[in-house]
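Here's the structure we're looking at; comments come further down.
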Amino acid sequence: MSTATVESPGPAGPASGPNRVDKEQQPYVEVQKPRRTGIKLLVLLAVWLVLYAVFKGKMTKALGLQDTNSLHQKLNDARDWVQLDGKDNWFFGGVLGAIGDALDAIVKFFQELISIPAFPRPVPEIGWLGVVAVLAWITYAVAGLRSTLLVTGTLLFFGVTDQWSNSMDLLIITMLSVVICILIGLPIGIWMARSKAASGVITPVLDVMQTFPPFCYLAPLALFFGIGPACAMVLTIIYALPPVVRITEHGIRSVSPTTIEAARSLGLTRQQMLRQVQLPMAKRTIVVGINQCTMAALSMATIAALVNGPGLGKVVVSALQTLNVGVASVSALCIVLMAIMLDRTTTAASERGQGRSNVGSASGMGVMLTGVVLERLPRWATEDAGRGQRLPRVTAAGRGFLLALLFVPAVVLVLLSRQQLNLATFPDVSETPVLKWISGPQLAKGINNFTDWLVSGVDTYTIWIKDHITMWFIDPLQSLLSDSPWWLMALVLLALAYVLGGWQPAAYTLACEVIIYFTGVWNDTMVTLSMTLIATVMTMLVAVVLGVAMGRGRKADLIIRPFLDAFQVIPPFVYLVPALALFGAGRFTAIVAAMAYSVPIATKLVADGIRGVSPTTVEAVRSTGSTRWQMISKVQLPMARESLVLATNQGLLYVLSMVVIGGMVGGGSLGYIVVSGFSQDQLFGKGLAAGVAIAALGVMLDRIARYAAARYGR
Amino acid sequence: MSLGLAACGGGDISDTTTAGGDGGASCGDLRIAVNPWTGYVSNAHVIGQVAKEKLGCNVTYPDVKEEVGWQGMADGSIDTIVENWGHPDLVKKYIDDAGTVEDAGLTGNDGIIGWYVPPWMAEKYPDITNWENLNKYADLFKTSESGGKGQLLDGDPSYVTNDEALVKNLKLNYQVVVGGSEAALIQSFRSAEENKTPLLAYFYEPQWFFDELALVHVDLPKYTEGCDADPAKVACDYPPYALNKLISTKFADSGSPAVDLIKNFTWTNEDQNLVSKYIAEDGMDPDDAAQKWIDDNPDKVDAWLS
């Protein structure tokens, strides 16, 4: 509670004006000494600058890319051991080997069923028409007519763009991973909800799973499972599991205590309580968890192309290598459509027969802070988008009969698709009138032409922007952070953590610094930190502008939100292609890509905050005749600062997780080391160490931001 | 409804099941690693297309980086690498020590790695092609990414490179900046020549792009046997590479007819550049490009199959 920090213009420090309004809302105000954060920060900065000038370039712990330390060598040796002797080891060869083989076999089974030729057949067991028929039937059974139309349309689009088998592969990996996540995650979540001890042990594990950038465990997983579908699945499962577990726990815990008490008084056992009260009442929330899990799985299954995971991601990766924006865009479009399809269907299935409700409401502050932000896709595609236009409900028996009746044509279509070649492989539509314009190659060509035209028109400006931002912001900050002696940086960060958040984050910072020091990539970590900070600041600038517009006006929201939604489901490295085309390789390009990834989430949080400002307050201020600008700067933004701080925190973490991917487009430093470690034998250990450093950096920044948020956010 | 219409259009699947030639089903799966440069793609798809059409193999092309491909051969998820650039450390580890990978002979392509400048620069600054003069021109190559030094642009992070060590050991006032891919390098060279902007970059042969733009090689201190033994101390040019093929031991022992095809496969730099040009410049699908070359060169293909 720092509403009393009137004099101190700290980083999140509000101007004095709105506090009076604020106090109205907060009946209890802790009386506190002013912290004078601003002055402390200024002193810190001054001392830092002086010492930087004195010691510039000395003791920076810089390490050339090809240079390694003994830790990296040890990791390399461990890797060699796993590769050479792992097969005979009971754990690596036995347990992991068996898991890998089983996963490979399952994926292969489904692939031969619907996506790749089931040798010696020249086509899969079930052709496209059969797949469409079956999926449409299932969707109709679980979700309803509108979803069925969406699913059918999306599936046909995959075929028309010539991405049928890649899309099916992606769908297989995603859905199988989700099923496994549910099988593992639900019991764990239930267990955590019912046992404090379990929750205490597992929560930090989930924290680590979510802070670790997925790229960093690509290399070790490829080592354990070999490259291919199994590795892709494990990767996807690790990434998509935490949301299911967390939200399940959250859902069961939030069943109202009154209900529990009432049930207990009826003499229900713990088992009965779980089955008859807690699970049914948490069902809605759990489905949200599954929905989140599906979205996470989809985005990770795409990245898994880097370990030879099958699917649309492969197209994106190779398009990135050939700078083919058009091809990358077409597959990205397919991925977005698949995301919408999965999201709408799971949501519609959960809403069935339960009336309308806002599932997203499960996203409280607590849930969001842990990195699980519940998001929803555009409403226009949902079952209840056309309010009041629902088809009259058929009775349950009538529905059952209808489904059974529809089952017959579905089966017939499956059988036909097994026999007729053009019902098995999607026909080439590049000669068909109308459809040819959206056939894959045509679409890609059109997008490429447009991109070429755009880039040749604006590249002088974009390069100018890049050069100047690099020269005036990136280079100086990077020099300040990476040319300072390591001990100076360590002290500065500690002091910063202490001033902003107190002892606890300082302790975390110290621990993380020790880890980073021993990974041997201190200097690269500082370079990465400087890029992260700049990207976060730029993200927040954009997010505040967009978020305020969205929070203030329904129309702006309606226009902007679909774009944000789409950006959130595009797999991160798709952004790299246009960013590369516009700005060329370099740190700025990596920053732009990171912004593209983090702006949507930050913007939505800002918009939520602005909208959350009490209408009474807004009305009251408006009646005093203040201008729009005054309203935004003096009332709405300061009152939404809790959301602003949260948005900054989230934006920062998103940026950091994109840093590795930025290494692929000249972002350099940690990200590049991780990428290199994945592709150069002697850098394996160093890449792994860099991954750990990124995670440590993430934890450090997250803790500082969290404690600062707790202090200044309210 | 629509099924009646659609059913008319297609042939019966059982008719086509046996398509695939003499080898029939005996070939089974063939997984050819595909590394991220076009020349490699040409090798892979020509071999793959022959294996598919003539031997009836079920060919797949996992996209992997070089080192990952080796690892894949060791763990059984990949059968072959069809253009290998040296990698003495991996040869020792997988071929000599573990025995999980075998050499499958030369591809017939001679590989060169080096530093190149666009033609206009070599014309304007004739002595730039000698490394000793590079520092003189370092200022020309400054960019926003090179931190006040000259920029040396590199390709994909997975490419074979000593550039960081070379810059350091030859005391060059340059900074290695990573472009990210072959396509990025080509695009950079194109725009450098077009706009007459300076560029110094890592590049390699065989490479179709040389037909479009005759890039000029910058000579580093001459390569001598063993001068690149310690990667951190390298101060000499890259060795000439006799590119070769690799197969996993498991696959070599499988009796697949594709093993002999891979071992026999050999062609010239011109052959590879032609297919690469089909793919990269003409935008052909790699399979179509490969098939076009196969159709135009039946005798070469027959020699691989005999």
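Each chain in the structure tokens gets a letter, A, B and so on, in the order shown; residues start at 1 in every chain, and ligands are counted from 1 in the order they appear.
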Give me the residues within 10 Å of Gly148 of chain B as a PyMOL selection string, counting only C-alpha atoms and dropping any in the same chain fewer than 3 places off. chain B and resi 138-139+141-145+151+173-175
Residues from last step as file, N, CA and C atoms, as a PDB file, in the first residue's frame:
ATOM      1  N   ALA B 138      38.089  -1.336 -43.279  1.00  0.00           N
ATOM      2  CA  ALA B 138      37.098  -1.721 -42.254  1.00  0.00           C
ATOM      3  C   ALA B 138      35.973  -0.690 -42.114  1.00  0.00           C
ATOM      4  N   ASP B 139      36.351   0.587 -42.228  1.00  0.00           N
ATOM      5  CA  ASP B 139      35.338   1.641 -42.048  1.00  0.00           C
ATOM      6  C   ASP B 139      34.190   1.529 -43.043  1.00  0.00           C
ATOM      7  N   PHE B 141      32.771  -1.007 -44.072  1.00  0.00           N
ATOM      8  CA  PHE B 141      31.837  -2.093 -43.770  1.00  0.00           C
ATOM      9  C   PHE B 141      31.077  -1.890 -42.463  1.00  0.00           C
ATOM     10  N   LYS B 142      31.216  -0.707 -41.875  1.00  0.00           N
ATOM     11  CA  LYS B 142      30.503  -0.444 -40.619  1.00  0.00           C
ATOM     12  C   LYS B 142      28.989  -0.510 -40.814  1.00  0.00           C
ATOM     13  N   THR B 143      28.307  -1.121 -39.869  1.00  0.00           N
ATOM     14  CA  THR B 143      26.839  -1.084 -39.881  1.00  0.00           C
ATOM     15  C   THR B 143      26.353  -0.856 -38.458  1.00  0.00           C
ATOM     16  N   SER B 144      25.067  -0.750 -38.314  1.00  0.00           N
ATOM     17  CA  SER B 144      24.519  -0.521 -36.979  1.00  0.00           C
ATOM     18  C   SER B 144      24.786  -1.706 -36.061  1.00  0.00           C
ATOM     19  N   GLU B 145      25.058  -2.855 -36.635  1.00  0.00           N
ATOM     20  CA  GLU B 145      25.229  -4.053 -35.811  1.00  0.00           C
ATOM     21  C   GLU B 145      26.679  -4.358 -35.471  1.00  0.00           C
ATOM     22  N   GLN B 151      31.780  -4.898 -40.632  1.00  0.00           N
ATOM     23  CA  GLN B 151      30.893  -6.053 -40.462  1.00  0.00           C
ATOM     24  C   GLN B 151      31.290  -7.195 -41.379  1.00  0.00           C
ATOM     25  N   ASN B 173      39.956  -5.752 -37.698  1.00  0.00           N
ATOM     26  CA  ASN B 173      39.068  -4.830 -36.991  1.00  0.00           C
ATOM     27  C   ASN B 173      37.620  -5.055 -37.466  1.00  0.00           C
ATOM     28  N   TYR B 174      37.162  -6.287 -37.304  1.00  0.00           N
ATOM     29  CA  TYR B 174      35.845  -6.650 -37.819  1.00  0.00           C
ATOM     30  C   TYR B 174      35.011  -7.333 -36.742  1.00  0.00           C
ATOM     31  N   GLN B 175      33.732  -7.353 -36.992  1.00  0.00           N
ATOM     32  CA  GLN B 175      32.813  -7.993 -36.065  1.00  0.00           C
ATOM     33  C   GLN B 175      31.934  -8.949 -36.874  1.00  0.00           C
TER      34      GLN B 175
END
With the cut-off set at 8 Å and counting only C-alpha atoms, tabulate each residue of chain A with an atom at most that distance from an atom of chain B, showing the nearest atom pair and its distance in Å to one decimal, ordered by chain and increasing number, as JSON lines.
{"residue": "A:Gly64", "atom": "CA", "partner": "B:Glu164", "partner_atom": "CA", "distance": 7.6}
{"residue": "A:Leu65", "atom": "CA", "partner": "B:Glu164", "partner_atom": "CA", "distance": 7.3}
{"residue": "A:Gln66", "atom": "CA", "partner": "B:Ala232", "partner_atom": "CA", "distance": 6.9}
{"residue": "A:Asp67", "atom": "CA", "partner": "B:Ala232", "partner_atom": "CA", "distance": 7.1}
{"residue": "A:Gln83", "atom": "CA", "partner": "B:Ala74", "partner_atom": "CA", "distance": 7.8}
{"residue": "A:Leu84", "atom": "CA", "partner": "B:Ala98", "partner_atom": "CA", "distance": 6.2}
{"residue": "A:Phe119", "atom": "CA", "partner": "B:Asn58", "partner_atom": "CA", "distance": 7.5}
{"residue": "A:Pro120", "atom": "CA", "partner": "B:Thr17", "partner_atom": "CA", "distance": 6.6}
{"residue": "A:Arg121", "atom": "CA", "partner": "B:Thr17", "partner_atom": "CA", "distance": 5.4}
{"residue": "A:Pro122", "atom": "CA", "partner": "B:Thr17", "partner_atom": "CA", "distance": 5.8}
{"residue": "A:Leu223", "atom": "CA", "partner": "B:Gln71", "partner_atom": "CA", "distance": 8.0}
{"residue": "A:Gly226", "atom": "CA", "partner": "B:Asp75", "partner_atom": "CA", "distance": 6.0}
{"residue": "A:Ile227", "atom": "CA", "partner": "B:Gly72", "partner_atom": "CA", "distance": 6.3}
{"residue": "A:Gly228", "atom": "CA", "partner": "B:Ser77", "partner_atom": "CA", "distance": 6.9}
{"residue": "A:Leu306", "atom": "CA", "partner": "B:Val64", "partner_atom": "CA", "distance": 7.1}
{"residue": "A:Val307", "atom": "CA", "partner": "B:Val64", "partner_atom": "CA", "distance": 7.2}
{"residue": "A:Asn308", "atom": "CA", "partner": "B:Pro62", "partner_atom": "CA", "distance": 5.8}
{"residue": "A:Lys314", "atom": "CA", "partner": "B:Asp63", "partner_atom": "CA", "distance": 7.5}
{"residue": "A:Ser318", "atom": "CA", "partner": "B:Asp63", "partner_atom": "CA", "distance": 7.8}
{"residue": "A:Gln321", "atom": "CA", "partner": "B:Ser181", "partner_atom": "CA", "distance": 5.4}
{"residue": "A:Thr322", "atom": "CA", "partner": "B:Ala183", "partner_atom": "CA", "distance": 5.0}
{"residue": "A:Leu323", "atom": "CA", "partner": "B:Ala183", "partner_atom": "CA", "distance": 6.1}
{"residue": "A:Leu413", "atom": "CA", "partner": "B:Leu3", "partner_atom": "CA", "distance": 7.3}
{"residue": "A:Leu416", "atom": "CA", "partner": "B:Ala7", "partner_atom": "CA", "distance": 7.6}
{"residue": "A:Arg418", "atom": "CA", "partner": "B:Ile13", "partner_atom": "CA", "distance": 7.6}
{"residue": "A:Gln419", "atom": "CA", "partner": "B:Ile13", "partner_atom": "CA", "distance": 5.3}
{"residue": "A:Gln420", "atom": "CA", "partner": "B:Asp12", "partner_atom": "CA", "distance": 5.2}
{"residue": "A:Leu421", "atom": "CA", "partner": "B:Gly10", "partner_atom": "CA", "distance": 5.1}
{"residue": "A:Asn422", "atom": "CA", "partner": "B:Gly10", "partner_atom": "CA", "distance": 4.9}
{"residue": "A:Leu423", "atom": "CA", "partner": "B:Ala6", "partner_atom": "CA", "distance": 7.1}
{"residue": "A:Asp467", "atom": "CA", "partner": "B:Ser144", "partner_atom": "CA", "distance": 5.6}
{"residue": "A:Thr470", "atom": "CA", "partner": "B:Ser144", "partner_atom": "CA", "distance": 6.3}
{"residue": "A:Met471", "atom": "CA", "partner": "B:Ser144", "partner_atom": "CA", "distance": 6.7}
{"residue": "A:Asp475", "atom": "CA", "partner": "B:Gly147", "partner_atom": "CA", "distance": 7.7}
{"residue": "A:Ala585", "atom": "CA", "partner": "B:Gly179", "partner_atom": "CA", "distance": 5.4}
{"residue": "A:Gly586", "atom": "CA", "partner": "B:Glu145", "partner_atom": "CA", "distance": 6.1}
{"residue": "A:Arg587", "atom": "CA", "partner": "B:Glu145", "partner_atom": "CA", "distance": 7.2}
{"residue": "A:Met664", "atom": "CA", "partner": "B:Gly180", "partner_atom": "CA", "distance": 5.9}
{"residue": "A:Val665", "atom": "CA", "partner": "B:Gly180", "partner_atom": "CA", "distance": 5.6}
{"residue": "A:Gly666", "atom": "CA", "partner": "B:Val178", "partner_atom": "CA", "distance": 5.2}
{"residue": "A:Gly668", "atom": "CA", "partner": "B:Val178", "partner_atom": "CA", "distance": 7.7}
{"residue": "A:Tyr672", "atom": "CA", "partner": "B:Pro157", "partner_atom": "CA", "distance": 7.8}
{"residue": "A:Val675", "atom": "CA", "partner": "B:Pro157", "partner_atom": "CA", "distance": 7.0}
{"residue": "A:Ser676", "atom": "CA", "partner": "B:Pro157", "partner_atom": "CA", "distance": 5.4}
{"residue": "A:Phe678", "atom": "CA", "partner": "B:Val68", "partner_atom": "CA", "distance": 7.7}
{"residue": "A:Ser679", "atom": "CA", "partner": "B:Ser158", "partner_atom": "CA", "distance": 4.8}
{"residue": "A:Gln680", "atom": "CA", "partner": "B:Ser158", "partner_atom": "CA", "distance": 5.8}
{"residue": "A:Asp681", "atom": "CA", "partner": "B:Glu67", "partner_atom": "CA", "distance": 6.0}
Residues as selected, N, CA and C atoms, written as a short mmCIF file (atom, residue, chain, number, x, y, z; two decimals), in the first residue's frame, can you do that?
data_model
loop_
_atom_site.label_atom_id
_atom_site.label_comp_id
_atom_site.auth_asym_id
_atom_site.auth_seq_id
_atom_site.Cartn_x
_atom_site.Cartn_y
_atom_site.Cartn_z
N GLY A 64 34.24 -15.15 -26.07
CA GLY A 64 33.96 -15.31 -27.50
C GLY A 64 32.98 -16.44 -27.74
N LEU A 65 32.30 -16.39 -28.89
CA LEU A 65 31.26 -17.39 -29.15
C LEU A 65 31.82 -18.81 -29.11
N GLN A 66 33.01 -19.00 -29.72
CA GLN A 66 33.54 -20.37 -29.80
C GLN A 66 34.28 -20.77 -28.52
N ASP A 67 34.51 -19.81 -27.62
CA ASP A 67 35.22 -20.15 -26.38
C ASP A 67 34.26 -20.78 -25.39
N GLN A 83 24.94 -39.99 -25.60
CA GLN A 83 24.84 -40.44 -26.99
C GLN A 83 25.49 -41.79 -27.21
N LEU A 84 26.65 -42.00 -26.56
CA LEU A 84 27.38 -43.22 -26.83
C LEU A 84 26.91 -44.38 -25.95
N PHE A 119 1.90 -46.86 -46.12
CA PHE A 119 2.62 -47.73 -47.02
C PHE A 119 2.14 -49.18 -46.90
N PRO A 120 1.88 -49.96 -47.94
CA PRO A 120 2.13 -49.65 -49.35
C PRO A 120 1.00 -48.87 -50.03
N ARG A 121 -0.04 -48.50 -49.31
CA ARG A 121 -1.05 -47.67 -49.96
C ARG A 121 -0.41 -46.34 -50.34
N PRO A 122 -0.80 -45.75 -51.46
CA PRO A 122 -0.20 -44.46 -51.84
C PRO A 122 -0.84 -43.30 -51.09
N LEU A 223 18.27 -34.84 -27.44
CA LEU A 223 19.29 -35.80 -27.03
C LEU A 223 18.64 -37.05 -26.43
N GLY A 226 15.75 -38.40 -29.26
CA GLY A 226 16.03 -38.40 -30.69
C GLY A 226 15.10 -37.40 -31.35
N ILE A 227 15.48 -36.89 -32.53
CA ILE A 227 14.59 -35.93 -33.16
C ILE A 227 13.43 -36.66 -33.81
N GLY A 228 12.31 -36.01 -33.90
CA GLY A 228 11.16 -36.65 -34.51
C GLY A 228 9.90 -36.42 -33.69
N LEU A 306 11.51 -27.59 -35.27
CA LEU A 306 12.97 -27.50 -35.17
C LEU A 306 13.59 -28.82 -34.72
N VAL A 307 12.82 -29.70 -34.13
CA VAL A 307 13.33 -31.02 -33.80
C VAL A 307 12.65 -32.05 -34.70
N ASN A 308 12.32 -31.59 -35.91
CA ASN A 308 11.74 -32.47 -36.91
C ASN A 308 10.36 -32.98 -36.51
N LYS A 314 7.00 -27.00 -39.98
CA LYS A 314 8.09 -27.28 -40.90
C LYS A 314 8.09 -26.32 -42.07
N SER A 318 11.15 -23.71 -42.98
CA SER A 318 11.90 -23.68 -44.23
C SER A 318 11.63 -22.38 -44.97
N GLN A 321 14.05 -19.94 -43.79
CA GLN A 321 15.39 -20.11 -44.35
C GLN A 321 15.49 -19.58 -45.77
N THR A 322 14.38 -19.61 -46.50
CA THR A 322 14.44 -19.11 -47.87
C THR A 322 13.83 -17.71 -47.97
N LEU A 323 13.55 -17.09 -46.84
CA LEU A 323 12.96 -15.75 -46.79
C LEU A 323 11.70 -15.65 -47.62
N LEU A 413 -18.89 -41.76 -46.29
CA LEU A 413 -17.86 -40.88 -46.83
C LEU A 413 -16.46 -41.40 -46.49
N LEU A 416 -15.78 -44.21 -48.85
CA LEU A 416 -15.51 -43.69 -50.19
C LEU A 416 -14.10 -43.11 -50.27
N ARG A 418 -11.64 -43.98 -48.79
CA ARG A 418 -10.62 -45.03 -48.80
C ARG A 418 -10.43 -45.59 -50.20
N GLN A 419 -11.41 -45.33 -51.05
CA GLN A 419 -11.34 -45.99 -52.35
C GLN A 419 -11.07 -45.06 -53.52
N GLN A 420 -11.58 -43.83 -53.42
CA GLN A 420 -11.45 -42.92 -54.56
C GLN A 420 -10.26 -41.99 -54.35
N LEU A 421 -9.39 -41.93 -55.35
CA LEU A 421 -8.15 -41.19 -55.20
C LEU A 421 -8.38 -39.71 -54.90
N ASN A 422 -9.32 -39.08 -55.63
CA ASN A 422 -9.47 -37.64 -55.40
C ASN A 422 -10.33 -37.33 -54.17
N LEU A 423 -10.81 -38.36 -53.52
CA LEU A 423 -11.44 -38.14 -52.21
C LEU A 423 -10.43 -38.45 -51.11
N ASP A 467 18.56 1.98 -37.88
CA ASP A 467 19.89 2.52 -37.60
C ASP A 467 19.86 3.52 -36.46
N THR A 470 19.02 1.90 -33.09
CA THR A 470 20.19 1.15 -32.66
C THR A 470 21.26 2.09 -32.11
N MET A 471 21.50 3.18 -32.84
CA MET A 471 22.58 4.07 -32.46
C MET A 471 22.26 4.82 -31.16
N ASP A 475 22.66 0.68 -28.66
CA ASP A 475 24.11 0.67 -28.42
C ASP A 475 24.50 1.27 -27.08
N ALA A 585 18.78 -8.34 -40.84
CA ALA A 585 19.17 -9.00 -39.61
C ALA A 585 19.78 -8.01 -38.64
N GLY A 586 19.51 -8.20 -37.37
CA GLY A 586 20.12 -7.33 -36.36
C GLY A 586 19.35 -7.35 -35.07
N ARG A 587 19.92 -6.65 -34.08
CA ARG A 587 19.26 -6.65 -32.77
C ARG A 587 17.89 -5.98 -32.81
N MET A 664 17.84 -16.00 -33.90
CA MET A 664 17.84 -16.51 -35.26
C MET A 664 17.92 -15.40 -36.30
N VAL A 665 17.63 -14.16 -35.92
CA VAL A 665 17.66 -13.06 -36.89
C VAL A 665 18.67 -12.00 -36.49
N GLY A 666 19.78 -12.42 -35.91
CA GLY A 666 20.84 -11.47 -35.62
C GLY A 666 20.69 -10.80 -34.27
N GLY A 668 21.77 -11.96 -31.60
CA GLY A 668 23.02 -12.18 -30.89
C GLY A 668 22.85 -12.64 -29.47
N TYR A 672 21.42 -16.32 -29.44
CA TYR A 672 22.24 -16.88 -30.50
C TYR A 672 23.05 -18.07 -29.99
N VAL A 675 20.74 -21.04 -29.91
CA VAL A 675 20.53 -21.55 -31.26
C VAL A 675 21.77 -22.28 -31.76
N SER A 676 22.95 -21.69 -31.51
CA SER A 676 24.19 -22.33 -31.94
C SER A 676 24.41 -23.65 -31.22
N PHE A 678 22.38 -25.62 -30.31
CA PHE A 678 21.51 -26.64 -30.86
C PHE A 678 22.03 -27.15 -32.20
N SER A 679 22.90 -26.35 -32.84
CA SER A 679 23.32 -26.78 -34.17
C SER A 679 24.82 -27.01 -34.30
N GLN A 680 25.60 -26.71 -33.25
CA GLN A 680 27.03 -26.99 -33.35
C GLN A 680 27.47 -27.87 -32.19
N ASP A 681 28.10 -28.97 -32.59
CA ASP A 681 28.48 -30.01 -31.64
C ASP A 681 29.19 -29.48 -30.41
#
If you count only C-alpha atoms, which residues fall within 10 Å of Gln291 of chain B, apart from same-chain ones fewer than 4 positions away, as number ranges by chain? B: 45-46, 48-50, 53, 275, 285-287, 295-297
Would you please give, as a VMD selection string, all residues of segment 417-469 of chain A that DSSP assigns to alpha helix (DSSP H) based on the backbone? chain A and resid 417 to 419 421 to 424 440 to 469
Only N, CA and C atoms, please: the residues just picked out, written as a short mmCIF file (atom, residue, chain, number, x, y, z; two decimals), in the first residue's frame.
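Ended up saving to result.cif:
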data_model
loop_
_atom_site.label_atom_id
_atom_site.label_comp_id
_atom_site.auth_asym_id
_atom_site.auth_seq_id
_atom_site.Cartn_x
_atom_site.Cartn_y
_atom_site.Cartn_z
N SER A 417 -13.74 -42.39 -49.20
CA SER A 417 -12.43 -41.73 -49.23
C SER A 417 -11.31 -42.76 -49.15
N ARG A 418 -11.64 -43.98 -48.79
CA ARG A 418 -10.62 -45.03 -48.80
C ARG A 418 -10.43 -45.59 -50.20
N GLN A 419 -11.41 -45.33 -51.05
CA GLN A 419 -11.34 -45.99 -52.35
C GLN A 419 -11.07 -45.06 -53.52
N LEU A 421 -9.39 -41.93 -55.35
CA LEU A 421 -8.15 -41.19 -55.20
C LEU A 421 -8.38 -39.71 -54.90
N ASN A 422 -9.32 -39.08 -55.63
CA ASN A 422 -9.47 -37.64 -55.40
C ASN A 422 -10.33 -37.33 -54.17
N LEU A 423 -10.81 -38.36 -53.52
CA LEU A 423 -11.44 -38.14 -52.21
C LEU A 423 -10.43 -38.45 -51.11
N ALA A 424 -9.29 -39.05 -51.53
CA ALA A 424 -8.27 -39.41 -50.55
C ALA A 424 -7.23 -38.30 -50.44
N GLY A 440 -2.79 -22.61 -52.37
CA GLY A 440 -1.54 -22.29 -51.68
C GLY A 440 -0.55 -21.47 -52.49
N PRO A 441 -0.06 -21.99 -53.63
CA PRO A 441 0.98 -21.29 -54.38
C PRO A 441 0.54 -19.89 -54.83
N GLN A 442 -0.72 -19.78 -55.30
CA GLN A 442 -1.21 -18.48 -55.75
C GLN A 442 -1.21 -17.46 -54.61
N LEU A 443 -1.72 -17.91 -53.48
CA LEU A 443 -1.81 -17.04 -52.32
C LEU A 443 -0.42 -16.60 -51.88
N ALA A 444 0.49 -17.57 -51.86
CA ALA A 444 1.86 -17.26 -51.45
C ALA A 444 2.48 -16.26 -52.40
N LYS A 445 2.23 -16.46 -53.69
CA LYS A 445 2.80 -15.58 -54.69
C LYS A 445 2.26 -14.15 -54.51
N GLY A 446 0.95 -14.08 -54.31
CA GLY A 446 0.34 -12.77 -54.11
C GLY A 446 0.94 -12.06 -52.92
N ILE A 447 1.08 -12.79 -51.81
CA ILE A 447 1.64 -12.17 -50.61
C ILE A 447 3.09 -11.76 -50.84
N ASN A 448 3.82 -12.60 -51.56
CA ASN A 448 5.21 -12.25 -51.85
C ASN A 448 5.31 -10.98 -52.68
N ASN A 449 4.47 -10.89 -53.70
CA ASN A 449 4.49 -9.68 -54.53
C ASN A 449 4.18 -8.46 -53.69
N PHE A 450 3.17 -8.60 -52.86
CA PHE A 450 2.79 -7.48 -52.01
C PHE A 450 3.95 -7.09 -51.09
N THR A 451 4.58 -8.11 -50.49
CA THR A 451 5.68 -7.84 -49.56
C THR A 451 6.83 -7.15 -50.29
N ASP A 452 7.17 -7.67 -51.47
CA ASP A 452 8.26 -7.06 -52.23
C ASP A 452 7.97 -5.60 -52.50
N TRP A 453 6.73 -5.36 -52.92
CA TRP A 453 6.33 -4.00 -53.23
C TRP A 453 6.44 -3.12 -51.98
N LEU A 454 5.93 -3.66 -50.89
CA LEU A 454 5.93 -2.90 -49.64
C LEU A 454 7.35 -2.63 -49.18
N VAL A 455 8.17 -3.69 -49.18
CA VAL A 455 9.52 -3.55 -48.66
C VAL A 455 10.33 -2.58 -49.52
N SER A 456 10.20 -2.72 -50.84
CA SER A 456 10.99 -1.82 -51.68
C SER A 456 10.50 -0.38 -51.52
N GLY A 457 9.24 -0.22 -51.13
CA GLY A 457 8.72 1.13 -50.94
C GLY A 457 9.17 1.75 -49.63
N VAL A 458 9.29 0.93 -48.60
CA VAL A 458 9.53 1.53 -47.29
C VAL A 458 10.89 1.20 -46.70
N ASP A 459 11.71 0.40 -47.42
CA ASP A 459 12.90 -0.07 -46.71
C ASP A 459 13.88 1.04 -46.36
N THR A 460 13.90 2.13 -47.14
CA THR A 460 14.80 3.21 -46.74
C THR A 460 14.39 3.77 -45.38
N TYR A 461 13.06 3.87 -45.17
CA TYR A 461 12.59 4.41 -43.88
C TYR A 461 12.82 3.41 -42.75
N THR A 462 12.49 2.14 -43.02
CA THR A 462 12.65 1.16 -41.94
C THR A 462 14.11 1.04 -41.54
N ILE A 463 15.00 1.05 -42.54
CA ILE A 463 16.42 0.94 -42.21
C ILE A 463 16.86 2.19 -41.43
N TRP A 464 16.33 3.33 -41.82
CA TRP A 464 16.66 4.56 -41.10
C TRP A 464 16.24 4.45 -39.64
N ILE A 465 15.02 3.99 -39.45
CA ILE A 465 14.52 3.81 -38.08
C ILE A 465 15.43 2.86 -37.31
N LYS A 466 15.72 1.73 -37.96
CA LYS A 466 16.55 0.73 -37.31
C LYS A 466 17.90 1.31 -36.92
N ASP A 467 18.56 1.98 -37.88
CA ASP A 467 19.89 2.52 -37.60
C ASP A 467 19.86 3.52 -36.46
N HIS A 468 18.86 4.37 -36.47
CA HIS A 468 18.84 5.42 -35.44
C HIS A 468 18.47 4.87 -34.07
N ILE A 469 17.51 3.99 -34.03
CA ILE A 469 17.17 3.42 -32.71
C ILE A 469 18.36 2.62 -32.18
#
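With only C-alpha atoms as the atoms that count, the residue of A:Arg552, A:Ala708, A:Asp85, A:Asn523 with the shortest distance to Gln504 of chain A is A:Ala708.
The residues of segment 90-122 of chain B that DSSP classifies as strand (DSSP E), using the backbone of this structure, are Val101, Glu102, Asp103, Ala104, Gly105, Leu106, Thr107, Gly108, Asn109, Asp110, Gly111, Ile112, Ile113, Gly114, Trp115, Tyr116 and Val117 of chain B.
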